[in-house]
Protein chains: 4
Amino acid sequence: MTKRARRKAERPTEILDAAFEEFVKTGYSATRLQDVAKRAGVTKGTIYFYFETKERVFQEMMRHKSQELLPDLERIAAKSVGSHAQRLRALVTFFLGRIAEDRTGRETLRLLIAEGSRFPDMVDQYHDEFMQPVIDHFKRVITAGVTAGEFRAASATSFTEVAVSPAMLLSIWLMLFGSRRALDIKSFTEASMDLIMKGIEER
Amino acid sequence: MTKRARRKAERPTEILDAAFEEFVKTGYSATRLQDVAKRAGVTKGTIYFYFETKERVFQEMMRHKSQELLPDLERIAAKSVGSHAQRLRALVTFFLGRIAEDRTGRETLRLLIAEGSRFPDMVDQYHDEFMQPVIDHFKRVITAGVTAGEFRAASATSFTEVAVSPAMLLSIWLMLFGSRRALDIKSFTEASMDLIMKGIEER
Amino acid sequence: MTKRARRKAERPTEILDAAFEEFVKTGYSATRLQDVAKRAGVTKGTIYFYFETKERVFQEMMRHKSQELLPDLERIAAKSVGSHAQRLRALVTFFLGRIAEDRTGRETLRLLIAEGSRFPDMVDQYHDEFMQPVIDHFKRVITAGVTAGEFRAASATSFTEVAVSPAMLLSIWLMLFGSRRALDIKSFTEASMDLIMKGIEER
Amino acid sequence: MTKRARRKAERPTEILDAAFEEFVKTGYSATRLQDVAKRAGVTKGTIYFYFETKERVFQEMMRHKSQELLPDLERIAAKSVGSHAQRLRALVTFFLGRIAEDRTGRETLRLLIAEGSRFPDMVDQYHDEFMQPVIDHFKRVITAGVTAGEFRAASATSFTEVAVSPAMLLSIWLMLFGSRRALDIKSFTEASMDLIMKGIEER
DNA sequence: GATGAATGAGGCTTCATTCAT
DNA sequence: AATGAATGAAGCCTCATTCAT
């Protein structure tokens, strides 16, 4: 494959990466495709060669950026061992840690929240392909723990959305306040773990 | 007071209310002041008689809409009675219930998330005047409960941000998925209460 | 006459004076009647009570401000004595001196030049009621001097517009460059006088 | 050079020429870029492709139009021969003749006078790059004539601004009154020449 | 007489999109 | 494939003018 051909094959991705940065910086409406082009090192025309409209660029970018967390989560879940409590701890640790590190995931969520009403399908997709699977991961481990007698059979274990709550707070806090009103991530993670484990364990 | 004077006094609020609806519908950039005007029953020019720029309309609107929850929270906290556990329950119940009912609060948060990078001062203000006070309310009750021996002295009770997590998940879920992917609010509230109370109570 | 009545009678003049300053500062189109009102210590509505439109304010202001130089010139001419050379010297001295001092006259000319194409009648009026009379004043003295044998009978004395030239240069220079590129008015006046007198005197 | 490239190279000039006509017709503030575009045979957007703002269009246009007289003046001065009196005559003849013919130069001056307070740098530039050089041209010839004993050593020859006066009167007269109050240019030139030459010649 | 809230036409400017090269 | 000149719809904002009080 020639260097030129390689570049050609990478163009769309380069454009979507550039689009991500620009959309994050100024939001959908206020972002100029001109700036996306400049950041990607191409010209406006080139963007229109690969994507029909600005909307399309946004949608493809979101699709492109949304598919990174889930595989890792599955990998973690697959190879997790030990008691159910240990497995749940591993899940929580990984998940919160990932959110703390993963700026892309947070910004994707931000864009989803910001532009959701303009792109309802995208929101549905985010729910079905990310949110619900994440909740289900938790549900699987927790339900197994209940069956095994490690966790209480109660509303806290049957409605696992609540176990994901700390992750959501962390996401929003980091995207909103970032460094301006810093959050002690380590303490927050410990507190979350403490609350969740003590909250569901059988006595 | 004459009819004219009465109108003048009410105009700014009418405009800000209309602005809220429009900004919520399409976001800051994509909202036309023209439409805000129409919704408020005035013309473009009138908006500029009361507010300098579109940015100013947005900021004033956010300020106007942000100051509704806190007083109620304080009222609840003030007149709460019983054990610390009972008081915490009352707080959680009120808070989640309020989020479920209060579309305005959720949409305000949505706008803050969406346009935060454009209005950093607004974000700081939101943290200082809303987020932190809410956390502090929880901290006060929980800390008192720890002192009284009702709650465990542990990370879950020292880092009270985590107790607010369910509220954040509920907010985001409702603003994002709304009716499209309904959440059983009653069950979620029960699960949250269950997790929090069991998670922090002394055994 | 009551104080109120007196104020009332002065209002139009106050407005025109304010209008002069504002129009001078920003030109006809860019001047806001709002600012004129504020400077005059009234509100927009009041201006419209006295004048039909912005155009009218401008026209009346120009009429108001244009009628100050001529009477003085006539007074000087009337009471001038001595040889024709002495009388011409007096005229030149007064005229250049007056231009140097009279910011109003210069700014009026500036506005006329700037907005002339919008107000052709105003230009005609300026010519007929100011420019031509000034030239005629010079012509009267110079022609008398020629008849008396003091001045040469030549084109320089028959086409007296040329004797007014230095005044025009001074006007434009002061209005354009003002203090930024200062002109030595005393030297300029001397040079003008020298040129004119030596240029037309009989030998 | 392709057709497209040729257009691109010519566009800015075409736009500035169109801008000149429109600004002359209605002044800076009242001129619509829309009309400039139409006259240039393009659309609004195209103007903004080449120039940042309306102000910029005006400034570039003034720069573009201001640089036409001086080179000719220098050419005339360079190849002038004969006595100093003859050389001065040539200069005056050329200068007044040029002003009479050169509508562009007069309109440029008109715009400068009209909009000078909005564009002070432009005024300074006009002084430094046009006014002063012209005066210096006259000064050079006259001073040489004084040294050679042809002209008197007096204020009229040391302060050469005065020798430029007739040109200024002619400019203003033509731009203000134009055809409405016609001036006999030939007679005016003769009278100017007569006054200047007799006014400075040694006897 | 005077006020100033309200109007709405109109101008500057931006930017998604097109298309000839 | 890629460019970038050109378009023109659309939005923010201004301000002359009106008119109820």
# chains A, B, ... in the order shown; residues from 1 in each chain; ligands from 1
>>> closest_atom_pairs(of="chain F", to="chain A", cutoff="8 Å", atoms="only C-alpha atoms (C1' of nucleotides)", output="JSON lines")
{"residue": "F:DA2", "atom": "C1'", "partner": "A:Thr46", "partner_atom": "CA", "distance": 6.0}
{"residue": "F:DT3", "atom": "C1'", "partner": "A:Gly45", "partner_atom": "CA", "distance": 6.6}
{"residue": "F:DG4", "atom": "C1'", "partner": "A:Gly45", "partner_atom": "CA", "distance": 7.7}
>>> write_last_selection(atoms="C-alpha atoms (C1' of nucleotides)", output="short mmCIF file (atom, residue, chain, number, x, y, z; two decimals), in the first residue's frame")
data_model
loop_
_atom_site.label_atom_id
_atom_site.label_comp_id
_atom_site.auth_asym_id
_atom_site.auth_seq_id
_atom_site.Cartn_x
_atom_site.Cartn_y
_atom_site.Cartn_z
"C1'" DA F 2 -8.79 17.56 -3.30
"C1'" DT F 3 -9.16 22.44 -3.49
"C1'" DG F 4 -10.98 26.86 -2.27
#
>>> select_by_dssp(residues="region 16-140 of chain D", states="helix (DSSP H, G or I)", output="PyMOL selection string")
chain D and resi 16-30+33-40+44-50+54-66+69-78+84-101+103-115+120-140
>>> calpha_fit_and_write(fixed="chain B", moving="chain A", output="mmCIF file with C-alpha atoms, in the first residue's frame")
data_model
loop_
_atom_site.group_PDB
_atom_site.id
_atom_site.type_symbol
_atom_site.label_atom_id
_atom_site.label_comp_id
_atom_site.auth_asym_id
_atom_site.auth_seq_id
_atom_site.Cartn_x
_atom_site.Cartn_y
_atom_site.Cartn_z
ATOM 1 C CA MET A 1 -49.874 50.273 39.674
ATOM 2 C CA THR A 2 -51.444 50.406 36.223
ATOM 3 C CA LYS A 3 -51.834 47.329 34.087
ATOM 4 C CA ARG A 4 -49.270 48.719 31.699
ATOM 5 C CA ALA A 5 -46.776 49.341 34.444
ATOM 6 C CA ARG A 6 -47.324 45.868 35.778
ATOM 7 C CA ARG A 7 -46.686 44.372 32.390
ATOM 8 C CA LYS A 8 -43.564 46.451 32.099
ATOM 9 C CA ALA A 9 -42.245 45.151 35.365
ATOM 10 C CA GLU A 10 -42.911 41.578 34.302
ATOM 11 C CA ARG A 11 -41.391 41.838 30.860
ATOM 12 C CA PRO A 12 -37.860 40.782 31.755
ATOM 13 C CA THR A 13 -39.134 37.704 33.554
ATOM 14 C CA GLU A 14 -41.445 36.817 30.693
ATOM 15 C CA ILE A 15 -38.526 37.086 28.327
ATOM 16 C CA LEU A 16 -36.328 34.900 30.513
ATOM 17 C CA ASP A 17 -39.053 32.282 30.787
ATOM 18 C CA ALA A 18 -39.460 32.252 27.045
ATOM 19 C CA ALA A 19 -35.692 32.095 26.651
ATOM 20 C CA PHE A 20 -35.551 29.069 28.923
ATOM 21 C CA GLU A 21 -37.969 27.131 26.758
ATOM 22 C CA GLU A 22 -36.195 28.020 23.538
ATOM 23 C CA PHE A 23 -32.688 27.386 24.833
ATOM 24 C CA VAL A 24 -33.839 24.051 26.195
ATOM 25 C CA LYS A 25 -35.370 23.153 22.882
ATOM 26 C CA THR A 26 -32.442 23.946 20.619
ATOM 27 C CA GLY A 27 -29.432 24.803 22.747
ATOM 28 C CA TYR A 28 -27.644 28.099 23.040
ATOM 29 C CA SER A 29 -26.174 28.544 19.561
ATOM 30 C CA ALA A 30 -29.108 27.267 17.563
ATOM 31 C CA THR A 31 -31.701 29.312 19.416
ATOM 32 C CA ARG A 32 -32.847 32.455 17.662
ATOM 33 C CA LEU A 33 -33.638 35.490 19.737
ATOM 34 C CA GLN A 34 -36.412 36.031 17.230
ATOM 35 C CA ASP A 35 -38.121 32.906 18.513
ATOM 36 C CA VAL A 36 -37.591 33.877 22.116
ATOM 37 C CA ALA A 37 -39.252 37.190 21.342
ATOM 38 C CA LYS A 38 -42.200 35.563 19.648
ATOM 39 C CA ARG A 39 -42.730 33.197 22.549
ATOM 40 C CA ALA A 40 -42.566 36.089 24.994
ATOM 41 C CA GLY A 41 -45.026 38.041 22.910
ATOM 42 C CA VAL A 42 -42.641 40.876 22.138
ATOM 43 C CA THR A 43 -40.295 41.747 19.309
ATOM 44 C CA LYS A 44 -36.569 41.392 18.989
ATOM 45 C CA GLY A 45 -35.986 45.030 19.764
ATOM 46 C CA THR A 46 -37.622 44.689 23.133
ATOM 47 C CA ILE A 47 -35.228 41.980 24.190
ATOM 48 C CA TYR A 48 -32.353 44.273 23.406
ATOM 49 C CA PHE A 49 -33.930 46.946 25.526
ATOM 50 C CA TYR A 50 -33.659 44.714 28.566
ATOM 51 C CA PHE A 51 -30.561 42.675 27.775
ATOM 52 C CA GLU A 52 -27.343 43.642 26.082
ATOM 53 C CA THR A 53 -26.631 40.482 24.122
ATOM 54 C CA LYS A 54 -27.793 36.960 23.550
ATOM 55 C CA GLU A 55 -25.131 35.763 25.942
ATOM 56 C CA ARG A 56 -26.548 38.016 28.585
ATOM 57 C CA VAL A 57 -30.040 36.684 28.044
ATOM 58 C CA PHE A 58 -28.711 33.186 28.534
ATOM 59 C CA GLN A 59 -26.767 34.034 31.660
ATOM 60 C CA GLU A 60 -29.616 35.925 33.282
ATOM 61 C CA MET A 61 -31.996 33.137 32.416
ATOM 62 C CA MET A 62 -29.736 30.571 34.020
ATOM 63 C CA ARG A 63 -29.384 32.687 37.123
ATOM 64 C CA HIS A 64 -33.141 33.170 37.183
ATOM 65 C CA LYS A 65 -33.876 29.462 36.851
ATOM 66 C CA SER A 66 -31.177 28.150 39.158
ATOM 67 C CA GLN A 67 -32.489 29.524 42.378
ATOM 68 C CA GLU A 68 -35.495 27.419 43.031
ATOM 69 C CA LEU A 69 -34.449 24.136 44.574
ATOM 70 C CA LEU A 70 -32.139 25.217 47.347
ATOM 71 C CA PRO A 71 -34.643 27.125 49.541
ATOM 72 C CA ASP A 72 -36.979 24.140 49.552
ATOM 73 C CA LEU A 73 -34.150 21.840 50.490
ATOM 74 C CA GLU A 74 -33.287 24.114 53.386
ATOM 75 C CA ARG A 75 -36.853 24.230 54.527
ATOM 76 C CA ILE A 76 -37.036 20.464 54.518
ATOM 77 C CA ALA A 77 -33.791 20.161 56.419
ATOM 78 C CA ALA A 78 -34.843 22.752 58.976
ATOM 79 C CA LYS A 79 -38.106 21.200 59.909
ATOM 80 C CA SER A 80 -36.984 17.600 59.752
ATOM 81 C CA VAL A 81 -37.319 15.638 62.949
ATOM 82 C CA GLY A 82 -36.715 12.177 64.338
ATOM 83 C CA SER A 83 -33.621 10.031 64.311
ATOM 84 C CA HIS A 84 -30.777 10.857 62.005
ATOM 85 C CA ALA A 85 -31.757 7.925 59.863
ATOM 86 C CA GLN A 86 -35.262 9.307 59.591
ATOM 87 C CA ARG A 87 -33.945 12.735 58.722
ATOM 88 C CA LEU A 88 -31.662 11.322 56.049
ATOM 89 C CA ARG A 89 -34.560 9.344 54.615
ATOM 90 C CA ALA A 90 -36.610 12.520 54.457
ATOM 91 C CA LEU A 91 -33.802 14.285 52.661
ATOM 92 C CA VAL A 92 -33.309 11.545 50.092
ATOM 93 C CA THR A 93 -37.028 11.203 49.523
ATOM 94 C CA PHE A 94 -37.488 14.902 49.000
ATOM 95 C CA PHE A 95 -34.433 15.267 46.814
ATOM 96 C CA LEU A 96 -35.143 12.401 44.438
ATOM 97 C CA GLY A 97 -38.832 13.284 44.333
ATOM 98 C CA ARG A 98 -38.002 16.819 43.492
ATOM 99 C CA ILE A 99 -35.676 15.825 40.677
ATOM 100 C CA ALA A 100 -38.352 13.563 39.235
ATOM 101 C CA GLU A 101 -40.882 16.373 39.191
ATOM 102 C CA ASP A 102 -38.665 19.311 38.468
ATOM 103 C CA ARG A 103 -38.143 19.512 34.745
ATOM 104 C CA THR A 104 -36.692 22.990 35.137
ATOM 105 C CA GLY A 105 -33.897 21.809 37.355
ATOM 106 C CA ARG A 106 -32.998 19.016 34.976
ATOM 107 C CA GLU A 107 -33.022 21.232 31.934
ATOM 108 C CA THR A 108 -30.917 23.793 33.722
ATOM 109 C CA LEU A 109 -28.371 21.110 34.422
ATOM 110 C CA ARG A 110 -28.541 20.013 30.827
ATOM 111 C CA LEU A 111 -27.835 23.521 29.597
ATOM 112 C CA LEU A 112 -25.010 23.826 32.060
ATOM 113 C CA ILE A 113 -23.439 20.634 30.790
ATOM 114 C CA ALA A 114 -23.996 21.624 27.195
ATOM 115 C CA GLU A 115 -22.750 25.188 27.329
ATOM 116 C CA GLY A 116 -20.460 24.973 30.312
ATOM 117 C CA SER A 117 -17.267 25.472 28.360
ATOM 118 C CA ARG A 118 -18.668 28.692 26.939
ATOM 119 C CA PHE A 119 -19.663 29.980 30.365
ATOM 120 C CA PRO A 120 -17.107 28.799 32.930
ATOM 121 C CA ASP A 121 -18.203 31.326 35.522
ATOM 122 C CA MET A 122 -21.682 29.929 35.359
ATOM 123 C CA VAL A 123 -20.336 26.473 36.076
ATOM 124 C CA ASP A 124 -18.379 27.711 39.073
ATOM 125 C CA GLN A 125 -21.445 29.460 40.328
ATOM 126 C CA TYR A 126 -23.529 26.326 39.893
ATOM 127 C CA HIS A 127 -21.020 24.377 41.914
ATOM 128 C CA ASP A 128 -20.700 26.901 44.666
ATOM 129 C CA GLU A 129 -24.325 27.885 44.960
ATOM 130 C CA PHE A 130 -26.036 24.594 44.263
ATOM 131 C CA MET A 131 -23.901 21.470 44.064
ATOM 132 C CA GLN A 132 -21.741 22.049 47.105
ATOM 133 C CA PRO A 133 -24.640 23.240 49.297
ATOM 134 C CA VAL A 134 -26.596 20.134 48.422
ATOM 135 C CA ILE A 135 -23.659 17.929 49.320
ATOM 136 C CA ASP A 136 -23.194 19.869 52.525
ATOM 137 C CA HIS A 137 -26.803 19.285 53.495
ATOM 138 C CA PHE A 138 -26.210 15.577 53.206
ATOM 139 C CA LYS A 139 -22.910 15.876 54.973
ATOM 140 C CA ARG A 140 -24.479 17.660 57.936
ATOM 141 C CA VAL A 141 -27.096 15.013 58.526
ATOM 142 C CA ILE A 142 -24.751 12.114 57.941
ATOM 143 C CA THR A 143 -21.979 13.513 60.093
ATOM 144 C CA ALA A 144 -24.437 14.102 62.893
ATOM 145 C CA GLY A 145 -25.622 10.511 62.485
ATOM 146 C CA VAL A 146 -22.066 9.257 62.754
ATOM 147 C CA THR A 147 -21.440 11.263 65.891
ATOM 148 C CA ALA A 148 -24.651 9.900 67.354
ATOM 149 C CA GLY A 149 -23.520 6.368 66.564
ATOM 150 C CA GLU A 150 -26.339 5.710 64.075
ATOM 151 C CA PHE A 151 -24.061 5.593 61.035
ATOM 152 C CA ARG A 152 -20.708 3.949 60.549
ATOM 153 C CA ALA A 153 -17.614 6.082 60.631
ATOM 154 C CA ALA A 154 -16.209 5.095 57.266
ATOM 155 C CA SER A 155 -15.372 6.433 53.823
ATOM 156 C CA ALA A 156 -19.006 6.143 52.761
ATOM 157 C CA THR A 157 -19.986 8.621 55.436
ATOM 158 C CA SER A 158 -16.992 10.903 55.215
ATOM 159 C CA PHE A 159 -17.214 11.415 51.456
ATOM 160 C CA THR A 160 -20.863 12.320 51.129
ATOM 161 C CA GLU A 161 -20.742 13.057 47.439
ATOM 162 C CA VAL A 162 -21.475 9.404 46.963
ATOM 163 C CA ALA A 163 -24.825 9.753 48.697
ATOM 164 C CA VAL A 164 -25.856 12.235 46.062
ATOM 165 C CA SER A 165 -24.986 9.866 43.225
ATOM 166 C CA PRO A 166 -28.450 8.369 42.758
ATOM 167 C CA ALA A 167 -29.851 11.859 42.318
ATOM 168 C CA MET A 168 -27.386 12.522 39.531
ATOM 169 C CA LEU A 169 -28.171 9.286 37.752
ATOM 170 C CA LEU A 170 -31.858 10.043 37.990
ATOM 171 C CA SER A 171 -31.353 13.551 36.594
ATOM 172 C CA ILE A 172 -29.306 12.434 33.661
ATOM 173 C CA TRP A 173 -31.506 9.456 32.922
ATOM 174 C CA LEU A 174 -34.642 11.551 32.863
ATOM 175 C CA MET A 175 -33.139 14.330 30.779
ATOM 176 C CA LEU A 176 -31.558 11.926 28.333
ATOM 177 C CA PHE A 177 -34.017 9.106 27.905
ATOM 178 C CA GLY A 178 -37.141 10.697 29.349
ATOM 179 C CA SER A 179 -40.097 8.719 28.172
ATOM 180 C CA ARG A 180 -38.250 6.891 25.416
ATOM 181 C CA ARG A 181 -36.573 4.498 27.850
ATOM 182 C CA ALA A 182 -38.692 4.914 30.939
ATOM 183 C CA LEU A 183 -37.252 4.401 34.407
ATOM 184 C CA ASP A 184 -39.377 3.169 37.265
ATOM 185 C CA ILE A 185 -38.843 6.133 39.540
ATOM 186 C CA LYS A 186 -40.508 4.584 42.551
ATOM 187 C CA SER A 187 -38.371 1.454 42.393
ATOM 188 C CA PHE A 188 -35.281 3.480 41.738
ATOM 189 C CA THR A 189 -35.986 5.634 44.778
ATOM 190 C CA GLU A 190 -36.553 2.581 46.955
ATOM 191 C CA ALA A 191 -33.381 0.966 45.727
ATOM 192 C CA SER A 192 -31.418 4.136 46.340
ATOM 193 C CA MET A 193 -32.795 4.465 49.824
ATOM 194 C CA ASP A 194 -32.088 0.834 50.557
ATOM 195 C CA LEU A 195 -28.524 1.066 49.332
ATOM 196 C CA ILE A 196 -27.759 4.287 51.151
ATOM 197 C CA MET A 197 -29.301 3.385 54.481
ATOM 198 C CA LYS A 198 -27.921 -0.146 54.613
ATOM 199 C CA GLY A 199 -24.633 1.141 53.298
ATOM 200 C CA ILE A 200 -24.013 3.572 56.093
ATOM 201 C CA GLU A 201 -25.896 2.288 59.094
ATOM 202 C CA GLU A 202 -23.990 1.038 62.091
ATOM 203 C CA ARG A 203 -24.554 -2.604 62.830
#
>>> interface_residues(of="chain E", to="chain D", cutoff="9 Å", atoms="only C-alpha atoms (C1' of nucleotides)", output="list in words")
DG11, DC12, DT13, DA20 and DT21 of chain E
>>> atom_distance(atom1="C1' of DC13 (chain F)", atom2="C1' of DG4 (chain E)")
19.8 Å
>>> atom_distance(atom1="C1' of DG8 (chain E)", atom2="C1' of DG11 (chain F)")
15.1 Å
